[in-house]
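Q: final.csv is reproduced in full below (CSV, C-alpha atoms and all ligand atoms).
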chain,number,residue,atom,x,y,z
A,2,MET,CA,10.6,-33.5,-25.3
A,3,GLU,CA,10.7,-36.9,-26.9
A,4,ILE,CA,7.4,-38.0,-28.5
A,5,THR,CA,7.0,-41.8,-29.0
A,6,LEU,CA,4.2,-43.9,-30.4
A,7,VAL,CA,3.1,-47.1,-28.8
A,8,GLN,CA,0.5,-49.6,-30.0
A,9,GLY,CA,-1.4,-51.1,-27.1
A,10,ASP,CA,-3.4,-50.6,-24.0
A,11,ILE,CA,-2.7,-47.3,-22.1
A,12,THR,CA,-3.5,-48.9,-18.7
A,13,ALA,CA,-0.3,-50.9,-19.0
A,14,GLN,CA,2.0,-47.9,-19.4
A,15,ASP,CA,4.6,-47.3,-16.7
A,16,VAL,CA,4.6,-43.5,-16.7
A,17,ASP,CA,4.0,-40.8,-14.2
A,18,ALA,CA,0.6,-40.0,-15.6
A,19,VAL,CA,-1.9,-41.5,-18.0
A,20,VAL,CA,-4.5,-39.3,-19.6
A,21,ASN,CA,-8.1,-40.5,-19.6
A,22,ALA,CA,-10.5,-39.6,-22.4
A,23,ALA,CA,-13.3,-39.0,-20.0
A,24,ASN,CA,-16.7,-37.4,-20.2
A,25,SER,CA,-17.9,-34.4,-18.2
A,26,SER,CA,-19.5,-36.6,-15.5
A,27,LEU,CA,-16.1,-38.0,-14.5
A,28,LEU,CA,-18.0,-41.1,-13.4
A,29,GLY,CA,-16.8,-43.5,-16.0
A,30,GLY,CA,-17.8,-44.8,-19.4
A,31,GLY,CA,-16.6,-47.1,-22.2
A,32,GLY,CA,-13.3,-47.1,-24.2
A,33,VAL,CA,-10.2,-45.8,-22.5
A,34,ASP,CA,-12.3,-44.5,-19.6
A,35,GLY,CA,-13.8,-47.9,-18.9
A,36,ALA,CA,-10.4,-49.6,-19.2
A,37,ILE,CA,-8.8,-47.1,-16.8
A,38,HIS,CA,-11.5,-47.5,-14.1
A,39,ARG,CA,-11.5,-51.3,-14.5
A,40,ARG,CA,-7.8,-51.7,-14.2
A,41,GLY,CA,-7.2,-48.9,-11.7
A,42,GLY,CA,-9.9,-50.0,-9.3
A,43,PRO,CA,-12.3,-48.1,-7.1
A,44,ALA,CA,-9.9,-45.5,-5.8
A,45,ILE,CA,-10.1,-43.6,-9.1
A,46,LEU,CA,-13.9,-43.4,-9.0
A,47,ALA,CA,-13.8,-42.4,-5.4
A,48,ALA,CA,-11.5,-39.5,-6.3
A,49,CYS,CA,-13.7,-38.5,-9.2
A,50,ARG,CA,-16.8,-38.5,-6.9
A,51,ASP,CA,-14.9,-36.2,-4.6
A,52,LEU,CA,-14.1,-33.8,-7.4
A,53,ARG,CA,-17.8,-33.8,-8.4
A,54,ALA,CA,-18.7,-33.0,-4.8
A,55,SER,CA,-16.2,-30.2,-4.6
A,56,HIS,CA,-14.8,-28.2,-7.5
A,57,TYR,CA,-16.7,-29.8,-10.4
A,58,GLY,CA,-20.3,-29.9,-9.2
A,59,ARG,CA,-21.4,-29.4,-12.8
A,60,GLY,CA,-18.9,-31.7,-14.3
A,61,LEU,CA,-15.6,-31.1,-16.0
A,62,PRO,CA,-16.0,-28.8,-19.0
A,63,ILE,CA,-14.9,-29.9,-22.5
A,64,GLY,CA,-11.2,-29.0,-23.1
A,65,GLN,CA,-10.2,-28.9,-19.4
A,66,ALA,CA,-8.2,-31.4,-17.4
A,67,VAL,CA,-8.0,-32.5,-13.8
A,68,ALA,CA,-5.9,-35.1,-12.0
A,69,THR,CA,-6.7,-38.0,-9.6
A,70,VAL,CA,-4.8,-40.9,-8.0
A,71,ALA,CA,-4.3,-43.8,-10.3
A,72,GLY,CA,-5.3,-46.7,-8.0
A,73,ASP,CA,-3.8,-50.0,-9.1
A,74,LEU,CA,-2.4,-48.7,-12.4
A,75,PRO,CA,1.4,-48.6,-12.8
A,76,ALA,CA,1.1,-44.8,-13.2
A,77,ARG,CA,1.0,-42.4,-10.2
A,78,TRP,CA,-1.8,-40.2,-11.6
A,79,VAL,CA,-4.7,-40.2,-14.0
A,80,ILE,CA,-5.3,-36.9,-15.8
A,81,HIS,CA,-8.9,-36.8,-16.9
A,82,THR,CA,-9.8,-34.6,-19.8
A,83,VAL,CA,-13.0,-34.3,-21.8
A,84,GLY,CA,-12.7,-34.2,-25.6
A,85,PRO,CA,-15.3,-32.6,-27.9
A,86,VAL,CA,-17.7,-34.8,-29.8
A,87,PHE,CA,-16.8,-34.4,-33.5
A,88,SER,CA,-19.1,-32.2,-35.5
A,89,ALA,CA,-19.1,-32.0,-39.3
A,90,THR,CA,-20.7,-28.5,-39.2
A,91,GLU,CA,-18.8,-26.8,-36.4
A,92,ASP,CA,-15.0,-26.6,-36.0
A,93,ARG,CA,-14.2,-27.8,-32.5
A,94,SER,CA,-10.5,-28.3,-33.1
A,95,HIS,CA,-9.6,-25.7,-30.5
A,96,LEU,CA,-11.3,-27.8,-27.8
A,97,LEU,CA,-9.4,-30.9,-28.8
A,98,ALA,CA,-6.1,-29.0,-28.8
A,99,SER,CA,-7.1,-27.6,-25.4
A,100,CYS,CA,-7.4,-31.2,-24.0
A,101,TYR,CA,-3.7,-31.8,-24.8
A,102,ARG,CA,-2.5,-28.4,-23.6
A,103,GLU,CA,-4.4,-28.5,-20.4
A,104,SER,CA,-3.4,-32.1,-19.6
A,105,LEU,CA,0.2,-31.1,-20.0
A,106,ARG,CA,-0.4,-28.1,-17.8
A,107,VAL,CA,-1.8,-30.4,-15.1
A,108,ALA,CA,1.2,-32.7,-15.6
A,109,ASP,CA,3.5,-29.8,-14.9
A,110,GLU,CA,1.6,-28.9,-11.7
A,111,LEU,CA,2.0,-32.5,-10.5
A,112,GLY,CA,5.7,-32.7,-11.5
A,113,ALA,CA,5.0,-35.6,-13.9
A,114,THR,CA,7.6,-35.8,-16.6
A,115,SER,CA,6.4,-38.9,-18.4
A,116,VAL,CA,2.8,-38.9,-19.7
A,117,ALA,CA,0.8,-41.3,-21.9
A,118,PHE,CA,-2.0,-39.9,-24.0
A,119,PRO,CA,-4.7,-41.9,-25.9
A,120,ALA,CA,-6.1,-40.5,-29.2
A,121,ILE,CA,-8.7,-38.3,-27.5
A,122,SER,CA,-12.2,-38.1,-29.1
A,123,THR,CA,-11.4,-40.7,-31.8
A,124,GLY,CA,-13.6,-43.5,-30.4
A,125,VAL,CA,-17.1,-42.9,-29.0
A,126,TYR,CA,-16.7,-39.1,-29.9
A,127,SER,CA,-16.0,-40.1,-33.6
A,128,TRP,CA,-13.3,-37.6,-34.5
A,129,PRO,CA,-11.6,-38.7,-37.8
A,130,VAL,CA,-8.3,-40.1,-36.6
A,131,ASP,CA,-6.0,-38.5,-39.2
A,132,ASP,CA,-7.3,-35.0,-38.2
A,133,ALA,CA,-7.1,-35.9,-34.5
A,134,ALA,CA,-3.5,-37.0,-34.9
A,135,ARG,CA,-2.5,-33.7,-36.6
A,136,ILE,CA,-4.2,-31.7,-33.9
A,137,ALA,CA,-2.6,-33.8,-31.1
A,138,ILE,CA,0.9,-33.7,-32.5
A,139,ASP,CA,0.9,-30.0,-33.5
A,140,THR,CA,-0.4,-29.1,-30.1
A,141,VAL,CA,2.0,-31.0,-27.9
A,142,ARG,CA,5.0,-29.9,-30.0
A,143,VAL,CA,4.5,-26.3,-29.2
A,144,ALA,CA,3.1,-26.6,-25.6
A,145,PRO,CA,5.2,-25.0,-22.9
A,146,THR,CA,5.8,-28.0,-20.6
A,147,GLN,CA,8.4,-29.8,-18.5
A,148,VAL,CA,7.3,-33.2,-19.7
A,149,THR,CA,10.2,-35.0,-21.3
A,150,ASP,CA,8.7,-38.4,-22.2
A,151,LEU,CA,5.4,-38.1,-24.1
A,152,ARG,CA,3.8,-41.2,-25.5
A,153,PHE,CA,0.7,-41.6,-27.7
A,154,VAL,CA,-0.7,-45.0,-26.9
A,155,LEU,CA,-2.8,-46.1,-29.9
A,156,PHE,CA,-5.2,-49.0,-29.5
A,157,THR,CA,-5.7,-49.9,-33.2
A,158,PRO,CA,-3.2,-50.4,-36.0
A,159,ASP,CA,-5.2,-47.8,-37.9
A,160,ALA,CA,-4.7,-45.1,-35.3
A,161,TYR,CA,-1.1,-46.0,-34.9
A,162,GLY,CA,-0.6,-45.6,-38.7
A,163,SER,CA,-2.3,-42.2,-38.6
A,164,PHE,CA,0.0,-40.9,-35.8
A,165,GLU,CA,3.1,-42.4,-37.4
A,166,ARG,CA,2.4,-40.7,-40.8
A,167,THR,CA,1.6,-37.4,-39.0
A,168,LEU,CA,4.7,-37.5,-36.9
A,169,ASP,CA,6.9,-38.2,-39.9
A,170,THR,CA,5.5,-35.3,-41.9
A,171,ALA,CA,5.0,-32.7,-39.1
A,172,ASP,CA,7.2,-29.7,-39.0
A,173,PRO,CA,9.3,-30.0,-35.9
A,174,SER,CA,9.2,-26.2,-35.4
A,175,GLY,CA,5.5,-26.6,-35.0
A,176,ARG,CA,4.7,-24.1,-37.7
B,201,LIG,N1,-5.8,-47.9,-24.4
B,201,LIG,C1,-5.5,-47.0,-25.4
B,201,LIG,N2,-6.5,-46.6,-26.3
B,201,LIG,C2,-7.7,-47.1,-26.2
B,201,LIG,C3,-8.1,-48.1,-25.2
B,201,LIG,C4,-7.0,-48.5,-24.3
B,201,LIG,N3,-7.3,-49.4,-23.3
B,201,LIG,N4,-9.4,-48.4,-25.4
B,201,LIG,C5,-9.8,-47.7,-26.4
B,201,LIG,N5,-8.8,-46.9,-26.9
B,201,LIG,P1,-12.8,-43.5,-26.5
B,201,LIG,P2,-13.5,-40.7,-26.9
B,201,LIG,C6,-8.8,-45.9,-28.1
B,201,LIG,O1,-14.1,-43.9,-27.0
B,201,LIG,O2,-13.7,-40.8,-28.3
B,201,LIG,C7,-16.1,-43.0,-23.1
B,201,LIG,O3,-17.3,-43.7,-22.9
B,201,LIG,C8,-10.0,-46.0,-29.0
B,201,LIG,O4,-9.7,-47.0,-30.0
B,201,LIG,O5,-12.2,-44.2,-25.3
B,201,LIG,O6,-12.8,-39.4,-26.4
B,201,LIG,C9,-16.0,-41.8,-22.2
B,201,LIG,O7,-16.6,-42.0,-20.9
B,201,LIG,C10,-9.9,-44.6,-29.6
B,201,LIG,O8,-9.0,-44.5,-30.7
B,201,LIG,O9,-12.8,-41.9,-26.2
B,201,LIG,C11,-16.7,-40.7,-23.0
B,201,LIG,O10,-18.1,-40.8,-22.8
B,201,LIG,C12,-9.4,-43.7,-28.5
B,201,LIG,O11,-8.9,-44.6,-27.5
B,201,LIG,C13,-16.4,-41.1,-24.4
B,201,LIG,O12,-16.1,-42.5,-24.4
B,201,LIG,C14,-10.5,-42.9,-27.8
B,201,LIG,O13,-11.7,-43.6,-27.8
B,201,LIG,C15,-15.1,-40.4,-24.9
B,201,LIG,O14,-15.0,-40.7,-26.2
Could you write out this file's structure as C-alpha cells?

A:
Amino acid sequence: MEITLVQGDITAQDVDAVVNAANSSLLGGGGVDGAIHRRGGPAILAACRDLRASHYGRGLPIGQAVATVAGDLPARWVIHTVGPVFSATEDRSHLLASCYRESLRVADELGATSVAFPAISTGVYSWPVDDAARIAIDTVRVAPTQVTDLRFVLFTPDAYGSFERTLDTADPSGR
C-alpha cells in the first residue's frame, strides 16, 4: 500500500472512496462533514437518512464505519465514520484507531482500492494532531486491506506537517 499526503480539500479527491469524519447522527455537521454534504449534494443525506431508518436507528457508534453513495463528488462512495471526542482523562485511542481500521474494512467490502482520509477527530473533536497522526499512520500501516492508494488529505499546513513528520519517523514494519 502506498501512503501519500495531500494538503487540501478532501471533496476534490478523485479516489474510489472518501472518508467522512461524521457524527453518530449521520445527518451532517461542520468541518469535513459539512464540506462533503455541501459538495456532494442531497443524495448523500438521503442515503444517510435511509441508514438511520434501517440499520442505524440509534446512529452510527463511535469507531464504526458505513458507506453511502457520493452524489456529485468525484469519488464513488463516502465512507462515514465517527471519531471519538478527545479526552484528557480517558484514553480513547483504540476508538480512533478503529475508525481507520473499520473504514478500510468497508473499503474492501466495496472493492475500493483508492481511499482518501481526513485527520479524523482533529477538528471539532479536538484531538491533538501529532497524536492523531501517529495513531492514523500506525493503524493503516498494519491493517489487513486490499487498498493500494491511501491518501491523508490535510486541510491545514499544521496538520500536513504533523503527518509528514510522523510518516518520516514511523517504523514501516508497524512495530
Ligand atoms: N478537507 C479535508 N480536511 C478538512 C476539511 C476538508 N474540506 N475541512 C476540515 N478539515 P472535523 P472531527 C479538517 O471538525 O474533529 C463535524 O461537525 C480539519 O481541519 O471535520 O472528527 C461532524 O459532524 C481537521 O483537521 O472532524 C462531527 O460533529 C479535520 O478535518 C464533528 O465535526 C477533522 O475536523 C467531527 O469532528

Q: Skipping near chain neighbours, those fewer than 5 positions away, what residues fall within 9 Å of segment 148-156 of chain A using all atoms listed in the file, listed as an MDAnalysis selection string?

A: chainID A and resid 2:11 14 16 105 108:109 112:120 141 161 164

Q: Which value, in Å to one decimal, gives the distance between atom CA of Thr12 of chain A and atom CA of Gly162 of chain A?

A: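 One can read the atom CA of Thr12 of chain A to atom CA of Gly162 of chain A distance as 20.5 Å.
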
Q: Can I get the residues of chain A within 9 Å of ligand LIG 201 (chain B), each with the closest pair of atoms and their distance in Å to one decimal, using all atoms listed in the file, sorted chain first then ascending number, as JSON lines?

A:
{"residue": "A:Gln8", "atom": "CA", "partner": "B:LIG201", "partner_atom": "C1", "distance": 8.0}
{"residue": "A:Gly9", "atom": "CA", "partner": "B:LIG201", "partner_atom": "C1", "distance": 6.0}
{"residue": "A:Asp10", "atom": "CA", "partner": "B:LIG201", "partner_atom": "N1", "distance": 3.6}
{"residue": "A:Ile11", "atom": "CA", "partner": "B:LIG201", "partner_atom": "N1", "distance": 3.9}
{"residue": "A:Thr12", "atom": "CA", "partner": "B:LIG201", "partner_atom": "N3", "distance": 6.0}
{"residue": "A:Ala13", "atom": "CA", "partner": "B:LIG201", "partner_atom": "N1", "distance": 8.3}
{"residue": "A:Asn21", "atom": "CA", "partner": "B:LIG201", "partner_atom": "O5", "distance": 7.9}
{"residue": "A:Ala22", "atom": "CA", "partner": "B:LIG201", "partner_atom": "O6", "distance": 4.6}
{"residue": "A:Ala23", "atom": "CA", "partner": "B:LIG201", "partner_atom": "C9", "distance": 4.5}
{"residue": "A:Asn24", "atom": "CA", "partner": "B:LIG201", "partner_atom": "C11", "distance": 4.3}
{"residue": "A:Ser25", "atom": "CA", "partner": "B:LIG201", "partner_atom": "O10", "distance": 7.9}
{"residue": "A:Ser26", "atom": "CA", "partner": "B:LIG201", "partner_atom": "O7", "distance": 8.2}
{"residue": "A:Leu27", "atom": "CA", "partner": "B:LIG201", "partner_atom": "O7", "distance": 7.6}
{"residue": "A:Leu28", "atom": "CA", "partner": "B:LIG201", "partner_atom": "O7", "distance": 7.7}
{"residue": "A:Gly29", "atom": "CA", "partner": "B:LIG201", "partner_atom": "O7", "distance": 5.1}
{"residue": "A:Gly30", "atom": "CA", "partner": "B:LIG201", "partner_atom": "O7", "distance": 3.4}
{"residue": "A:Gly31", "atom": "CA", "partner": "B:LIG201", "partner_atom": "O3", "distance": 3.5}
{"residue": "A:Gly32", "atom": "CA", "partner": "B:LIG201", "partner_atom": "O5", "distance": 3.3}
{"residue": "A:Val33", "atom": "CA", "partner": "B:LIG201", "partner_atom": "O5", "distance": 3.8}
{"residue": "A:Asp34", "atom": "CA", "partner": "B:LIG201", "partner_atom": "O7", "distance": 5.1}
{"residue": "A:Gly35", "atom": "CA", "partner": "B:LIG201", "partner_atom": "O3", "distance": 6.8}
{"residue": "A:Ala36", "atom": "CA", "partner": "B:LIG201", "partner_atom": "N3", "distance": 5.1}
{"residue": "A:Ile37", "atom": "CA", "partner": "B:LIG201", "partner_atom": "N3", "distance": 7.1}
{"residue": "A:Thr82", "atom": "CA", "partner": "B:LIG201", "partner_atom": "O6", "distance": 8.7}
{"residue": "A:Val83", "atom": "CA", "partner": "B:LIG201", "partner_atom": "O6", "distance": 6.9}
{"residue": "A:Gly84", "atom": "CA", "partner": "B:LIG201", "partner_atom": "O6", "distance": 5.3}
{"residue": "A:Pro85", "atom": "CA", "partner": "B:LIG201", "partner_atom": "O6", "distance": 7.4}
{"residue": "A:Val86", "atom": "CA", "partner": "B:LIG201", "partner_atom": "O2", "distance": 7.4}
{"residue": "A:Phe87", "atom": "CA", "partner": "B:LIG201", "partner_atom": "O2", "distance": 8.8}
{"residue": "A:Phe118", "atom": "CA", "partner": "B:LIG201", "partner_atom": "C1", "distance": 8.0}
{"residue": "A:Pro119", "atom": "CA", "partner": "B:LIG201", "partner_atom": "N2", "distance": 5.0}
{"residue": "A:Ala120", "atom": "CA", "partner": "B:LIG201", "partner_atom": "C12", "distance": 4.6}
{"residue": "A:Ile121", "atom": "CA", "partner": "B:LIG201", "partner_atom": "O6", "distance": 4.4}
{"residue": "A:Ser122", "atom": "CA", "partner": "B:LIG201", "partner_atom": "O6", "distance": 3.1}
{"residue": "A:Thr123", "atom": "CA", "partner": "B:LIG201", "partner_atom": "O2", "distance": 4.2}
{"residue": "A:Gly124", "atom": "CA", "partner": "B:LIG201", "partner_atom": "O13", "distance": 3.2}
{"residue": "A:Val125", "atom": "CA", "partner": "B:LIG201", "partner_atom": "O1", "distance": 3.7}
{"residue": "A:Tyr126", "atom": "CA", "partner": "B:LIG201", "partner_atom": "O2", "distance": 3.8}
{"residue": "A:Ser127", "atom": "CA", "partner": "B:LIG201", "partner_atom": "O2", "distance": 5.8}
{"residue": "A:Trp128", "atom": "CA", "partner": "B:LIG201", "partner_atom": "O2", "distance": 7.0}
{"residue": "A:Val130", "atom": "CA", "partner": "B:LIG201", "partner_atom": "O8", "distance": 7.4}
{"residue": "A:Phe153", "atom": "CA", "partner": "B:LIG201", "partner_atom": "C1", "distance": 8.5}
{"residue": "A:Val154", "atom": "CA", "partner": "B:LIG201", "partner_atom": "C1", "distance": 5.4}
{"residue": "A:Leu155", "atom": "CA", "partner": "B:LIG201", "partner_atom": "N2", "distance": 5.2}
{"residue": "A:Phe156", "atom": "CA", "partner": "B:LIG201", "partner_atom": "N2", "distance": 4.2}
{"residue": "A:Thr157", "atom": "CA", "partner": "B:LIG201", "partner_atom": "O4", "distance": 5.9}
{"residue": "A:Asp159", "atom": "CA", "partner": "B:LIG201", "partner_atom": "O8", "distance": 8.8}
{"residue": "A:Ala160", "atom": "CA", "partner": "B:LIG201", "partner_atom": "O8", "distance": 6.3}

Q: Just the number, please: distance in Å from atom CA of Arg39 of chain A to atom CA of Leu61 of chain A, one decimal.

A: 20.7 Å

Q: Residues at most 10 Å from Leu46 of chain A, counting all atoms listed in the file, excluding those fewer than 3 positions away in the same chain, as a list in words?

A: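 What passes the distance filter is Leu27, Leu28, Gly29, His38, Arg39, Gly41, Gly42, Pro43, Cys49, Arg50, Asp51, Leu52, Thr69, Val70, Ala71 and Gly72 of chain A.
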
Q: Would you export the selected residues with C-alpha atoms as an mmCIF file, keeping the file's coordinate frame, please?

A:
data_model
loop_
_atom_site.group_PDB
_atom_site.id
_atom_site.type_symbol
_atom_site.label_atom_id
_atom_site.label_comp_id
_atom_site.auth_asym_id
_atom_site.auth_seq_id
_atom_site.Cartn_x
_atom_site.Cartn_y
_atom_site.Cartn_z
ATOM 1 C CA LEU A 27 -16.100 -38.000 -14.500
ATOM 2 C CA LEU A 28 -18.000 -41.100 -13.400
ATOM 3 C CA GLY A 29 -16.800 -43.500 -16.000
ATOM 4 C CA HIS A 38 -11.500 -47.500 -14.100
ATOM 5 C CA ARG A 39 -11.500 -51.300 -14.500
ATOM 6 C CA GLY A 41 -7.200 -48.900 -11.700
ATOM 7 C CA GLY A 42 -9.900 -50.000 -9.300
ATOM 8 C CA PRO A 43 -12.300 -48.100 -7.100
ATOM 9 C CA CYS A 49 -13.700 -38.500 -9.200
ATOM 10 C CA ARG A 50 -16.800 -38.500 -6.900
ATOM 11 C CA ASP A 51 -14.900 -36.200 -4.600
ATOM 12 C CA LEU A 52 -14.100 -33.800 -7.400
ATOM 13 C CA THR A 69 -6.700 -38.000 -9.600
ATOM 14 C CA VAL A 70 -4.800 -40.900 -8.000
ATOM 15 C CA ALA A 71 -4.300 -43.800 -10.300
ATOM 16 C CA GLY A 72 -5.300 -46.700 -8.000
#

Q: In Å, rounded to a single decimal, give me how far atom CA of Leu96 of chain A is from atom CA of Ile45 of chain A.

A: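 Between atom CA of Ile45 of chain A and atom CA of Leu96 of chain A the gap is 24.5 Å.
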